[in-house]
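> Below you'll find start-v2.pdb; it's PDB, C-alpha atoms, pLDDT in the B column.
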MODEL        1
ATOM      1  CA  GLN A   1       8.268  -8.214  24.492  1.00 86.00           C
ATOM      2  CA  PRO A   2       9.666  -7.875  20.938  1.00 88.00           C
ATOM      3  CA  ASN A   3      13.303  -7.639  22.042  1.00 90.00           C
ATOM      4  CA  ILE A   4      13.134 -10.761  24.195  1.00 93.00           C
ATOM      5  CA  THR A   5      11.298 -12.645  21.437  1.00 94.00           C
ATOM      6  CA  MET A   6      13.949 -11.597  18.905  1.00 94.00           C
ATOM      7  CA  LEU A   7      16.711 -12.735  21.247  1.00 95.00           C
ATOM      8  CA  VAL A   8      15.054 -16.134  21.820  1.00 96.00           C
ATOM      9  CA  SER A   9      14.595 -16.539  18.069  1.00 96.00           C
ATOM     10  CA  ILE A  10      18.290 -15.852  17.423  1.00 95.00           C
ATOM     11  CA  VAL A  11      19.324 -18.302  20.161  1.00 96.00           C
ATOM     12  CA  LEU A  12      17.074 -21.013  18.664  1.00 97.00           C
ATOM     13  CA  TRP A  13      18.585 -20.405  15.225  1.00 96.00           C
ATOM     14  CA  LEU A  14      22.165 -20.592  16.521  1.00 96.00           C
ATOM     15  CA  VAL A  15      21.565 -23.673  18.682  1.00 96.00           C
ATOM     16  CA  SER A  16      19.755 -25.466  15.837  1.00 96.00           C
ATOM     17  CA  ARG A  17      22.712 -24.787  13.547  1.00 94.00           C
ATOM     18  CA  GLN A  18      25.225 -25.967  16.127  1.00 93.00           C
ATOM     19  CA  MET A  19      23.305 -29.095  17.179  1.00 94.00           C
ATOM     20  CA  GLY A  20      21.963 -29.962  13.722  1.00 92.00           C
ATOM     21  CA  TRP A  21      18.333 -29.844  14.877  1.00 94.00           C
ATOM     22  CA  ASN A  22      15.762 -30.276  12.129  1.00 94.00           C
ATOM     23  CA  LEU A  23      12.316 -31.808  11.571  1.00 92.00           C
ATOM     24  CA  PRO A  24      11.928 -35.205   9.868  1.00 91.00           C
ATOM     25  CA  ALA A  25      10.472 -35.423   6.389  1.00 86.00           C
ATOM     26  CA  TYR A  26       8.734 -38.340   4.659  1.00 81.00           C
ATOM     27  CA  PRO A  27       9.878 -40.831   3.501  1.00 76.00           C
ATOM     28  CA  ALA A  28      13.382 -40.263   4.855  1.00 70.00           C
ATOM     29  CA  GLY A  29      15.291 -37.106   5.456  1.00 86.00           C
ATOM     30  CA  THR A  30      14.747 -33.648   6.872  1.00 89.00           C
ATOM     31  CA  TRP A  31      13.202 -30.356   5.847  1.00 89.00           C
ATOM     32  CA  TYR A  32      15.193 -28.542   3.162  1.00 88.00           C
ATOM     33  CA  PHE A  33      14.303 -25.156   4.713  1.00 89.00           C
ATOM     34  CA  ASN A  34      14.757 -25.993   8.388  1.00 93.00           C
ATOM     35  CA  PRO A  35      11.897 -24.139  10.187  1.00 94.00           C
ATOM     36  CA  LEU A  36      13.897 -24.027  13.434  1.00 95.00           C
ATOM     37  CA  CYS A  37      16.406 -21.809  11.615  1.00 95.00           C
ATOM     38  CA  TRP A  38      14.308 -19.981   9.040  1.00 95.00           C
ATOM     39  CA  GLN A  39      11.877 -18.769  11.725  1.00 95.00           C
ATOM     40  CA  VAL A  40      14.426 -16.064  12.592  1.00 95.00           C
ATOM     41  CA  LEU A  41      13.640 -14.245   9.319  1.00 93.00           C
ATOM     42  CA  PHE A  42       9.924 -14.060  10.120  1.00 91.00           C
ATOM     43  CA  VAL A  43      10.553 -12.988  13.710  1.00 94.00           C
ATOM     44  CA  PHE A  44      13.013 -10.364  12.464  1.00 92.00           C
ATOM     45  CA  GLY A  45      10.358  -8.970  10.122  1.00 89.00           C
ATOM     46  CA  SER A  46       7.841  -8.823  12.964  1.00 90.00           C
ATOM     47  CA  TRP A  47      10.426  -7.208  15.236  1.00 92.00           C
ATOM     48  CA  CYS A  48      11.027  -4.477  12.642  1.00 88.00           C
ATOM     49  CA  ALA A  49       7.287  -3.901  12.204  1.00 86.00           C
ATOM     50  CA  MET A  50       6.769  -3.589  15.964  1.00 89.00           C
ATOM     51  CA  GLY A  51       9.232  -0.730  16.328  1.00 86.00           C
ATOM     52  CA  GLY A  52      12.616  -2.390  16.165  1.00 86.00           C
ATOM     53  CA  ALA A  53      13.616  -0.543  12.996  1.00 84.00           C
ATOM     54  CA  ARG A  54      12.360   2.800  14.288  1.00 83.00           C
ATOM     55  CA  LYS A  55      14.392   2.475  17.500  1.00 87.00           C
ATOM     56  CA  ASN A  56      17.564   1.914  15.465  1.00 87.00           C
ATOM     57  CA  GLU A  57      17.192   4.745  12.962  1.00 87.00           C
ATOM     58  CA  ALA A  58      20.540   6.257  13.996  1.00 90.00           C
ATOM     59  CA  PHE A  59      22.304   3.009  13.093  1.00 91.00           C
ATOM     60  CA  ILE A  60      20.326   2.558   9.864  1.00 90.00           C
ATOM     61  CA  ASN A  61      21.024   6.126   8.684  1.00 90.00           C
ATOM     62  CA  SER A  62      24.709   6.045   9.590  1.00 93.00           C
ATOM     63  CA  PRO A  63      27.041   6.496   6.585  1.00 94.00           C
ATOM     64  CA  TYR A  64      29.214   3.674   7.921  1.00 96.00           C
ATOM     65  CA  THR A  65      26.204   1.340   7.808  1.00 95.00           C
ATOM     66  CA  LEU A  66      25.503   2.378   4.214  1.00 95.00           C
ATOM     67  CA  TRP A  67      29.067   1.681   3.111  1.00 97.00           C
ATOM     68  CA  PHE A  68      29.021  -1.705   4.846  1.00 96.00           C
ATOM     69  CA  CYS A  69      25.743  -2.662   3.135  1.00 96.00           C
ATOM     70  CA  VAL A  70      26.996  -1.676  -0.319  1.00 96.00           C
ATOM     71  CA  ALA A  71      30.329  -3.465   0.225  1.00 97.00           C
ATOM     72  CA  TYR A  72      28.576  -6.592   1.469  1.00 96.00           C
ATOM     73  CA  LEU A  73      26.249  -6.757  -1.548  1.00 96.00           C
ATOM     74  CA  ILE A  74      29.231  -6.428  -3.902  1.00 96.00           C
ATOM     75  CA  PHE A  75      31.089  -9.134  -1.983  1.00 96.00           C
ATOM     76  CA  ALA A  76      28.002 -11.393  -2.045  1.00 94.00           C
ATOM     77  CA  LEU A  77      27.730 -10.935  -5.817  1.00 94.00           C
ATOM     78  CA  ILE A  78      31.394 -11.888  -6.277  1.00 95.00           C
ATOM     79  CA  MET A  79      31.018 -15.024  -4.137  1.00 93.00           C
ATOM     80  CA  THR A  80      27.837 -16.011  -5.988  1.00 91.00           C
ATOM     81  CA  MET A  81      29.579 -15.659  -9.342  1.00 92.00           C
ATOM     82  CA  ALA A  82      32.517 -17.657  -7.969  1.00 92.00           C
ATOM     83  CA  GLY A  83      30.134 -20.517  -7.240  1.00 90.00           C
ATOM     84  CA  ARG A  84      28.565 -20.296 -10.692  1.00 87.00           C
ATOM     85  CA  PHE A  85      31.789 -20.190 -12.698  1.00 90.00           C
ATOM     86  CA  PRO A  86      34.512 -22.647 -11.533  1.00 89.00           C
ATOM     87  CA  ASP A  87      37.348 -20.833 -13.314  1.00 92.00           C
ATOM     88  CA  PHE A  88      36.433 -17.597 -11.564  1.00 92.00           C
ATOM     89  CA  GLY A  89      36.052 -19.374  -8.227  1.00 91.00           C
ATOM     90  CA  ALA A  90      39.513 -20.890  -8.542  1.00 92.00           C
ATOM     91  CA  MET A  91      40.964 -17.392  -8.284  1.00 93.00           C
ATOM     92  CA  PHE A  92      40.031 -17.173  -4.591  1.00 93.00           C
ATOM     93  CA  PRO A  93      41.620 -18.936  -1.594  1.00 93.00           C
ATOM     94  CA  HIS A  94      39.971 -22.249  -0.820  1.00 92.00           C
ATOM     95  CA  TRP A  95      39.034 -21.233   2.735  1.00 92.00           C
ATOM     96  CA  LEU A  96      37.158 -18.204   1.394  1.00 92.00           C
ATOM     97  CA  TYR A  97      35.481 -20.038  -1.470  1.00 91.00           C
ATOM     98  CA  SER A  98      34.411 -23.008   0.679  1.00 90.00           C
ATOM     99  CA  THR A  99      32.846 -20.700   3.273  1.00 89.00           C
ATOM    100  CA  PHE A 100      30.170 -19.616   0.805  1.00 90.00           C
ATOM    101  CA  ASN A 101      30.047 -22.553  -1.613  1.00 88.00           C
ATOM    102  CA  PRO A 102      28.037 -24.698  -1.519  1.00 86.00           C
ATOM    103  CA  ASN A 103      25.434 -22.293  -0.186  1.00 84.00           C
ATOM    104  CA  ASP A 104      23.932 -23.431   3.131  1.00 88.00           C
ATOM    105  CA  LYS A 105      20.195 -22.911   2.781  1.00 89.00           C
ATOM    106  CA  THR A 106      18.916 -25.651   5.070  1.00 91.00           C
ATOM    107  CA  PHE A 107      20.333 -24.185   8.277  1.00 94.00           C
ATOM    108  CA  LEU A 108      20.237 -20.556   7.094  1.00 94.00           C
ATOM    109  CA  ALA A 109      23.915 -19.666   7.030  1.00 94.00           C
ATOM    110  CA  PRO A 110      24.827 -16.436   8.876  1.00 93.00           C
ATOM    111  CA  TYR A 111      25.838 -14.716   5.642  1.00 93.00           C
ATOM    112  CA  ARG A 112      22.324 -15.313   4.286  1.00 93.00           C
ATOM    113  CA  LEU A 113      20.781 -13.683   7.357  1.00 93.00           C
ATOM    114  CA  ILE A 114      23.198 -10.750   7.063  1.00 94.00           C
ATOM    115  CA  HIS A 115      22.281 -10.439   3.369  1.00 94.00           C
ATOM    116  CA  PHE A 116      18.606 -10.260   4.287  1.00 93.00           C
ATOM    117  CA  ALA A 117      19.272  -7.653   7.017  1.00 93.00           C
ATOM    118  CA  VAL A 118      21.340  -5.560   4.592  1.00 95.00           C
ATOM    119  CA  ILE A 119      18.482  -5.442   2.084  1.00 94.00           C
ATOM    120  CA  VAL A 120      16.019  -4.511   4.849  1.00 91.00           C
ATOM    121  CA  ILE A 121      18.304  -1.683   6.016  1.00 92.00           C
ATOM    122  CA  LEU A 122      18.648  -0.284   2.489  1.00 93.00           C
ATOM    123  CA  VAL A 123      14.889  -0.433   1.890  1.00 90.00           C
ATOM    124  CA  ILE A 124      14.147   1.328   5.186  1.00 88.00           C
ATOM    125  CA  ARG A 125      16.817   3.942   4.471  1.00 90.00           C
ATOM    126  CA  PHE A 126      15.815   4.854   0.918  1.00 89.00           C
ATOM    127  CA  ILE A 127      12.088   4.009   0.669  1.00 87.00           C
ATOM    128  CA  PRO A 128       9.939   5.812   3.258  1.00 83.00           C
ATOM    129  CA  LYS A 129       6.625   4.184   4.042  1.00 78.00           C
ATOM    130  CA  ASP A 130       4.751   7.292   2.800  1.00 84.00           C
ATOM    131  CA  TRP A 131       6.599   7.383  -0.531  1.00 85.00           C
ATOM    132  CA  PRO A 132       3.972   8.490  -3.104  1.00 87.00           C
ATOM    133  CA  ALA A 133       5.262   6.032  -5.708  1.00 82.00           C
ATOM    134  CA  LEU A 134       4.025   3.152  -3.526  1.00 80.00           C
ATOM    135  CA  GLU A 135       0.507   4.254  -4.498  1.00 84.00           C
ATOM    136  CA  TRP A 136       1.155   3.674  -8.184  1.00 87.00           C
ATOM    137  CA  ARG A 137      -1.197   1.201  -9.831  1.00 90.00           C
ATOM    138  CA  MET A 138       1.749  -0.757 -11.218  1.00 90.00           C
ATOM    139  CA  PHE A 139       2.503  -1.986  -7.687  1.00 87.00           C
ATOM    140  CA  ASP A 140      -1.019  -3.376  -7.162  1.00 92.00           C
ATOM    141  CA  PRO A 141      -0.052  -6.934  -8.250  1.00 93.00           C
ATOM    142  CA  LEU A 142       2.771  -6.972  -5.681  1.00 90.00           C
ATOM    143  CA  ILE A 143       0.421  -5.746  -2.952  1.00 89.00           C
ATOM    144  CA  VAL A 144      -2.270  -8.306  -3.802  1.00 93.00           C
ATOM    145  CA  CYS A 145       0.306 -11.130  -3.881  1.00 92.00           C
ATOM    146  CA  GLY A 146       1.531  -9.996  -0.482  1.00 90.00           C
ATOM    147  CA  GLN A 147      -1.995  -9.950   0.914  1.00 91.00           C
ATOM    148  CA  GLN A 148      -2.546 -13.505  -0.351  1.00 93.00           C
ATOM    149  CA  SER A 149       0.965 -14.709   0.412  1.00 90.00           C
ATOM    150  CA  LEU A 150      -0.059 -18.157   1.695  1.00 89.00           C
ATOM    151  CA  ALA A 151      -2.018 -19.037  -1.445  1.00 92.00           C
ATOM    152  CA  VAL A 152       0.738 -17.625  -3.657  1.00 94.00           C
ATOM    153  CA  PHE A 153       3.357 -19.640  -1.778  1.00 91.00           C
ATOM    154  CA  CYS A 154       1.396 -22.890  -2.104  1.00 92.00           C
ATOM    155  CA  VAL A 155       0.803 -22.357  -5.819  1.00 94.00           C
ATOM    156  CA  GLY A 156       4.445 -21.385  -6.257  1.00 93.00           C
ATOM    157  CA  VAL A 157       5.589 -24.690  -4.758  1.00 90.00           C
ATOM    158  CA  PHE A 158       3.485 -26.595  -7.297  1.00 92.00           C
ATOM    159  CA  LEU A 159       4.582 -24.357 -10.179  1.00 93.00           C
ATOM    160  CA  SER A 160       8.239 -24.858  -9.268  1.00 91.00           C
ATOM    161  CA  PHE A 161       7.873 -28.573 -10.034  1.00 90.00           C
ATOM    162  CA  VAL A 162       6.035 -27.802 -13.262  1.00 92.00           C
ATOM    163  CA  GLY A 163       8.672 -25.283 -14.290  1.00 91.00           C
ATOM    164  CA  HIS A 164      11.480 -27.741 -13.520  1.00 90.00           C
ATOM    165  CA  PHE A 165       9.747 -30.410 -15.614  1.00 91.00           C
ATOM    166  CA  VAL A 166       9.217 -28.014 -18.527  1.00 90.00           C
ATOM    167  CA  LEU A 167      12.862 -26.944 -18.515  1.00 89.00           C
ATOM    168  CA  SER A 168      13.995 -30.575 -18.247  1.00 89.00           C
ATOM    169  CA  VAL A 169      12.086 -31.687 -21.354  1.00 89.00           C
ATOM    170  CA  SER A 170      12.803 -28.507 -23.317  1.00 84.00           C
ATOM    171  CA  SER A 171      16.041 -26.944 -24.445  1.00 79.00           C
ATOM    172  CA  GLY A 172      16.516 -25.191 -21.118  1.00 75.00           C
ATOM    173  CA  SER A 173      17.736 -22.132 -22.983  1.00 84.00           C
ATOM    174  CA  LEU A 174      17.727 -18.618 -21.580  1.00 85.00           C
ATOM    175  CA  LEU A 175      14.578 -17.835 -23.568  1.00 89.00           C
ATOM    176  CA  ALA A 176      12.837 -20.906 -22.112  1.00 88.00           C
ATOM    177  CA  GLN A 177      13.838 -19.908 -18.578  1.00 89.00           C
ATOM    178  CA  ILE A 178      12.510 -16.386 -19.103  1.00 92.00           C
ATOM    179  CA  PHE A 179       9.231 -17.774 -20.471  1.00 93.00           C
ATOM    180  CA  VAL A 180       8.806 -20.179 -17.525  1.00 93.00           C
ATOM    181  CA  SER A 181       9.562 -17.418 -15.019  1.00 94.00           C
ATOM    182  CA  ILE A 182       7.103 -14.938 -16.559  1.00 95.00           C
ATOM    183  CA  ALA A 183       4.420 -17.623 -16.867  1.00 95.00           C
ATOM    184  CA  GLY A 184       4.876 -18.640 -13.224  1.00 94.00           C
ATOM    185  CA  ILE A 185       4.708 -15.062 -11.939  1.00 95.00           C
ATOM    186  CA  THR A 186       1.624 -14.402 -14.054  1.00 95.00           C
ATOM    187  CA  LEU A 187      -0.183 -17.505 -12.774  1.00 95.00           C
ATOM    188  CA  MET A 188       0.631 -16.705  -9.132  1.00 95.00           C
ATOM    189  CA  THR A 189      -0.636 -13.137  -9.621  1.00 96.00           C
ATOM    190  CA  ILE A 190      -3.862 -14.412 -11.190  1.00 96.00           C
ATOM    191  CA  VAL A 191      -4.377 -16.744  -8.207  1.00 95.00           C
ATOM    192  CA  ALA A 192      -3.812 -13.849  -5.798  1.00 95.00           C
ATOM    193  CA  TYR A 193      -6.416 -11.678  -7.571  1.00 95.00           C
ATOM    194  CA  TYR A 194      -8.875 -14.572  -7.653  1.00 94.00           C
ATOM    195  CA  ILE A 195      -8.488 -15.252  -3.924  1.00 93.00           C
ATOM    196  CA  SER A 196      -8.996 -11.544  -3.178  1.00 92.00           C
ATOM    197  CA  TRP A 197     -12.117 -11.456  -5.344  1.00 92.00           C
ATOM    198  CA  SER A 198     -13.437 -14.684  -3.793  1.00 90.00           C
ATOM    199  CA  LYS A 199     -13.024 -13.338  -0.261  1.00 87.00           C
ATOM    200  CA  ARG A 200     -14.953 -10.202  -1.165  1.00 86.00           C
ATOM    201  CA  GLN A 201     -17.795 -12.349  -2.487  1.00 84.00           C
ATOM    202  CA  ASP A 202     -17.952 -14.268   0.786  1.00 76.00           C
ATOM    203  CA  LYS A 203     -18.552 -11.150   2.846  1.00 72.00           C
ATOM    204  CA  PRO A 204     -22.206 -10.720   3.843  1.00 70.00           C
ATOM    205  CA  LEU A 205     -24.030  -7.911   2.109  1.00 64.00           C
ATOM    206  CA  PRO A 206     -24.867  -4.886   4.277  1.00 66.00           C
ATOM    207  CA  LYS A 207     -28.378  -5.087   5.646  1.00 66.00           C
ATOM    208  CA  THR A 208     -30.845  -2.640   4.143  1.00 65.00           C
ATOM    209  CA  PRO A 209     -32.681  -0.701   6.878  1.00 66.00           C
ATOM    210  CA  ALA A 210     -36.320  -1.637   7.041  1.00 62.00           C
ATOM    211  CA  LYS A 211     -38.743   0.980   5.736  1.00 64.00           C
ATOM    212  CA  PRO A 212     -41.197   2.318   8.303  1.00 66.00           C
ATOM    213  CA  LYS A 213     -44.705   1.062   7.821  1.00 65.00           C
ATOM    214  CA  ALA A 214     -47.235   3.561   6.486  1.00 60.00           C
ATOM    215  CA  GLY A 215     -50.055   4.928   8.578  1.00 54.00           C
TER
ENDMDL
END
Take the structure from the file and write it as structure tokens.


Amino acid sequence: QPNITMLVSIVLWLVSRQMGWNLPAYPAGTWYFNPLCWQVLFVFGSWCAMGGARKNEAFINSPYTLWFCVAYLIFALIMTMAGRFPDFGAMFPHWLYSTFNPNDKTFLAPYRLIHFAVIVILVIRFIPKDWPALEWRMFDPLIVCGQQSLAVFCVGVFLSFVGHFVLSVSSGSLLAQIFVSIAGITLMTIVAYYISWSKRQDKPLPKTPAKPKAG
């Protein structure tokens, strides 16, 4: 029952936000990405894959939906820049600025979920699943990283600490940030290819049919 599951997931997200539900974390505190809230993104992805997106093609392909998505992305960019640059942020009313800054990641603020849904709608609208370009070899690293997403995620968590340490002891310049980012992506891609290769090695070899005995 994808629709019922999606509805329950949304209710859990909303109630967790309202009640402040979260899981404890050692030594003291709570999870930064509250799983009771962030689960709605994963359920939403599953709901789309199980036919939810296909059943709403009329809404996705509506020109009004397209204009809303484009306007929302522009608005999100403006609010993000307002949070990055105080002088620019001071140009907006306090009630508007404070709604989006600081950014609520722990409890997955509604505007973050809408942002995610907007990107999904635009991808579904403009990139068909049988698009020939998806077969290009240049996309192989993305596909392999997706297939080994758990390993890539775990390595990424470790590399995030390494990258933060490197930037802390270095100049932290734009060039250093670009280098750390490229190095991290490269290492995660290498891990994904290694895991894929390792899994292929673990598969049992096909049995050779026995030759019939002579005479």

> Assuming the chain letters and numbering stay as they are in my file, what does the PyMOL selection byres ((chain A and resi 42) around 12) actually select? List them as a ChimeraX atom specification.

/A:5-6,9-10,13,35-41,43-49,113,116-117

> Would you output that residue set with C-alpha atoms, as a compact mmCIF listing (two decimals), in the frame of the given file?


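Okay, this is what ended up in selection-v5.txt:
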# COMPACT_ATOMS: atom_id res chain seq x y z
CA THR A 5 11.30 -12.64 21.44
CA MET A 6 13.95 -11.60 18.90
CA SER A 9 14.60 -16.54 18.07
CA ILE A 10 18.29 -15.85 17.42
CA TRP A 13 18.58 -20.40 15.22
CA PRO A 35 11.90 -24.14 10.19
CA LEU A 36 13.90 -24.03 13.43
CA CYS A 37 16.41 -21.81 11.62
CA TRP A 38 14.31 -19.98 9.04
CA GLN A 39 11.88 -18.77 11.72
CA VAL A 40 14.43 -16.06 12.59
CA LEU A 41 13.64 -14.24 9.32
CA VAL A 43 10.55 -12.99 13.71
CA PHE A 44 13.01 -10.36 12.46
CA GLY A 45 10.36 -8.97 10.12
CA SER A 46 7.84 -8.82 12.96
CA TRP A 47 10.43 -7.21 15.24
CA CYS A 48 11.03 -4.48 12.64
CA ALA A 49 7.29 -3.90 12.20
CA LEU A 113 20.78 -13.68 7.36
CA PHE A 116 18.61 -10.26 4.29
CA ALA A 117 19.27 -7.65 7.02

> Could you list as a list in words every residue that has an atom within 12 Å of (3.1, -16.6, -15.3), using the file's coordinates and counting all atoms listed in the file?

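Protein and nucleic acid residues near the point are Val152, Val155, Gly156, Leu159, Ser160, Val162, Gly163, Gln177, Ile178, Phe179, Val180, Ser181, Ile182, Ala183, Gly184, Ile185, Thr186, Leu187, Met188, Thr189, Ile190 and Val191 of chain A.
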
> What do you get, as a list in words, if you spell out every residue that the PyMOL selection byres ((chain A and resi 194) around 12) selects here?

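On the file shown, the PyMOL selection byres ((chain A and resi 194) around 12) covers Pro141, Val144, Cys145, Gln147, Gln148, Ala151, Val152, Leu187, Met188, Thr189, Ile190, Val191, Ala192, Tyr193, Ile195, Ser196, Trp197, Ser198, Lys199, Arg200 and Gln201 of chain A.
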
> Considering all atoms listed in the file, can you say which of A:Pro102, A:Asn22, A:Val70, A:Phe139 comes closest to Gly83 (chain A)?

A:Pro102

> From the set A:Asn3, A:Pro204, A:Ala53, A:Asn34, which residue has the shortest atom-to-atom contact distance to Leu108 (chain A), counting only C-alpha atoms?

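Closest to Leu108 (chain A) of all the choices is A:Asn34.
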
> Record the distance separating CA of Arg17 (chain A) and CA of Phe107 (chain A), expressed in Å with one decimal.

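One can read the CA of Arg17 (chain A) to CA of Phe107 (chain A) distance as 5.8 Å.
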
> For Leu77 (chain A), which residue among A:Phe126, A:Phe153, A:Phe100, A:Trp136 is the nearest when counting only C-alpha atoms?

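That would be A:Phe100, the residue with the smallest distance to Leu77 (chain A).
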
> Using all atoms listed in the file, which of A:Phe158, A:Arg54, A:Trp21, A:Val11 sits nearest Pro128 (chain A)?

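Result for the nearest residue to Pro128 (chain A): A:Arg54.
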
> So how far away is CA of Val157 (chain A) from CA of Tyr26 (chain A), in Å?

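Taking CA of Tyr26 (chain A) and CA of Val157 (chain A), their separation equals 16.9 Å.
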
> Pick out the closest residue to Val118 (chain A) from this set: A:Tyr32, A:Phe161, A:Phe68, A:Phe88. Count all atoms listed in the file.

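Residue with the minimum atom-to-atom distance to Val118 (chain A): A:Phe68.
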
> To one decimal place, how far is CA of Tyr97 (chain A) from CA of Met19 (chain A) in Å?

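CA of Met19 (chain A) lies 24.0 Å from CA of Tyr97 (chain A).
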
> Please write out, as AutoDock Vina command-line options, where the centre of an axis-aligned box around all listed atoms of region 119-131 of chain A lies and how long its edges are, in Å to one decimal, after adding 3 Å on each side.


--center_x 11.7 --center_y 1.0 --center_z 2.7 --size_x 19.9 --size_y 18.8 --size_z 12.5

> Given the choices A:Leu12, A:Leu96, A:Leu150, A:Ile121, which gets closest to Phe75 (chain A) if the distance is worked out from only C-alpha atoms?

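Looking at the shortest contact to Phe75 (chain A), the residue is A:Leu96.
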
> With all atoms listed in the file as the counted atoms, please give the residues lying no more than 12 Å from Asn103 (chain A), apart from itself and same-chain residues fewer than 3 positions off, as a ChimeraX atom specification.

/A:76,79-80,82-84,97-100,106-112

> Give me a file of those residues, with C-alpha atoms, as a CSV table (one decimal), keeping the file's coordinate frame.


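As written to disk, result20.csv reads:
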chain,number,residue,atom,x,y,z
A,76,ALA,CA,28.0,-11.4,-2.0
A,79,MET,CA,31.0,-15.0,-4.1
A,80,THR,CA,27.8,-16.0,-6.0
A,82,ALA,CA,32.5,-17.7,-8.0
A,83,GLY,CA,30.1,-20.5,-7.2
A,84,ARG,CA,28.6,-20.3,-10.7
A,97,TYR,CA,35.5,-20.0,-1.5
A,98,SER,CA,34.4,-23.0,0.7
A,99,THR,CA,32.8,-20.7,3.3
A,100,PHE,CA,30.2,-19.6,0.8
A,106,THR,CA,18.9,-25.7,5.1
A,107,PHE,CA,20.3,-24.2,8.3
A,108,LEU,CA,20.2,-20.6,7.1
A,109,ALA,CA,23.9,-19.7,7.0
A,110,PRO,CA,24.8,-16.4,8.9
A,111,TYR,CA,25.8,-14.7,5.6
A,112,ARG,CA,22.3,-15.3,4.3

> Once N, CA and C atoms are restored for region 68-81 of chain A, what would the output be as a PDB file, keeping the file's coordinate frame?


ATOM      1  N   PHE A  68      28.943  -0.269   4.562  1.00 96.00           N
ATOM      2  CA  PHE A  68      29.021  -1.705   4.846  1.00 96.00           C
ATOM      3  C   PHE A  68      28.019  -2.475   3.997  1.00 96.00           C
ATOM      4  N   CYS A  69      26.780  -1.969   3.908  1.00 96.00           N
ATOM      5  CA  CYS A  69      25.743  -2.662   3.135  1.00 96.00           C
ATOM      6  C   CYS A  69      26.122  -2.766   1.667  1.00 96.00           C
ATOM      7  N   VAL A  70      26.611  -1.671   1.097  1.00 96.00           N
ATOM      8  CA  VAL A  70      26.996  -1.676  -0.319  1.00 96.00           C
ATOM      9  C   VAL A  70      28.168  -2.641  -0.537  1.00 96.00           C
ATOM     10  N   ALA A  71      29.167  -2.581   0.357  1.00 97.00           N
ATOM     11  CA  ALA A  71      30.329  -3.465   0.225  1.00 97.00           C
ATOM     12  C   ALA A  71      29.921  -4.923   0.364  1.00 97.00           C
ATOM     13  N   TYR A  72      28.993  -5.204   1.264  1.00 96.00           N
ATOM     14  CA  TYR A  72      28.576  -6.592   1.469  1.00 96.00           C
ATOM     15  C   TYR A  72      27.835  -7.124   0.249  1.00 96.00           C
ATOM     16  N   LEU A  73      26.972  -6.310  -0.364  1.00 96.00           N
ATOM     17  CA  LEU A  73      26.249  -6.757  -1.548  1.00 96.00           C
ATOM     18  C   LEU A  73      27.212  -7.034  -2.704  1.00 96.00           C
ATOM     19  N   ILE A  74      28.233  -6.192  -2.854  1.00 96.00           N
ATOM     20  CA  ILE A  74      29.231  -6.428  -3.902  1.00 96.00           C
ATOM     21  C   ILE A  74      29.992  -7.722  -3.627  1.00 96.00           C
ATOM     22  N   PHE A  75      30.377  -7.920  -2.352  1.00 96.00           N
ATOM     23  CA  PHE A  75      31.089  -9.134  -1.983  1.00 96.00           C
ATOM     24  C   PHE A  75      30.217 -10.369  -2.208  1.00 96.00           C
ATOM     25  N   ALA A  76      28.922 -10.269  -1.854  1.00 94.00           N
ATOM     26  CA  ALA A  76      28.002 -11.393  -2.045  1.00 94.00           C
ATOM     27  C   ALA A  76      27.861 -11.729  -3.526  1.00 94.00           C
ATOM     28  N   LEU A  77      27.821 -10.703  -4.381  1.00 94.00           N
ATOM     29  CA  LEU A  77      27.730 -10.935  -5.817  1.00 94.00           C
ATOM     30  C   LEU A  77      28.972 -11.658  -6.330  1.00 94.00           C
ATOM     31  N   ILE A  78      30.141 -11.249  -5.842  1.00 95.00           N
ATOM     32  CA  ILE A  78      31.394 -11.888  -6.277  1.00 95.00           C
ATOM     33  C   ILE A  78      31.413 -13.356  -5.861  1.00 95.00           C
ATOM     34  N   MET A  79      31.011 -13.647  -4.616  1.00 93.00           N
ATOM     35  CA  MET A  79      31.018 -15.024  -4.137  1.00 93.00           C
ATOM     36  C   MET A  79      29.982 -15.880  -4.877  1.00 93.00           C
ATOM     37  N   THR A  80      28.857 -15.282  -5.231  1.00 91.00           N
ATOM     38  CA  THR A  80      27.837 -16.011  -5.988  1.00 91.00           C
ATOM     39  C   THR A  80      28.362 -16.368  -7.374  1.00 91.00           C
ATOM     40  N   MET A  81      29.005 -15.404  -8.025  1.00 92.00           N
ATOM     41  CA  MET A  81      29.579 -15.659  -9.342  1.00 92.00           C
ATOM     42  C   MET A  81      30.710 -16.688  -9.260  1.00 92.00           C
TER      43      MET A  81
END
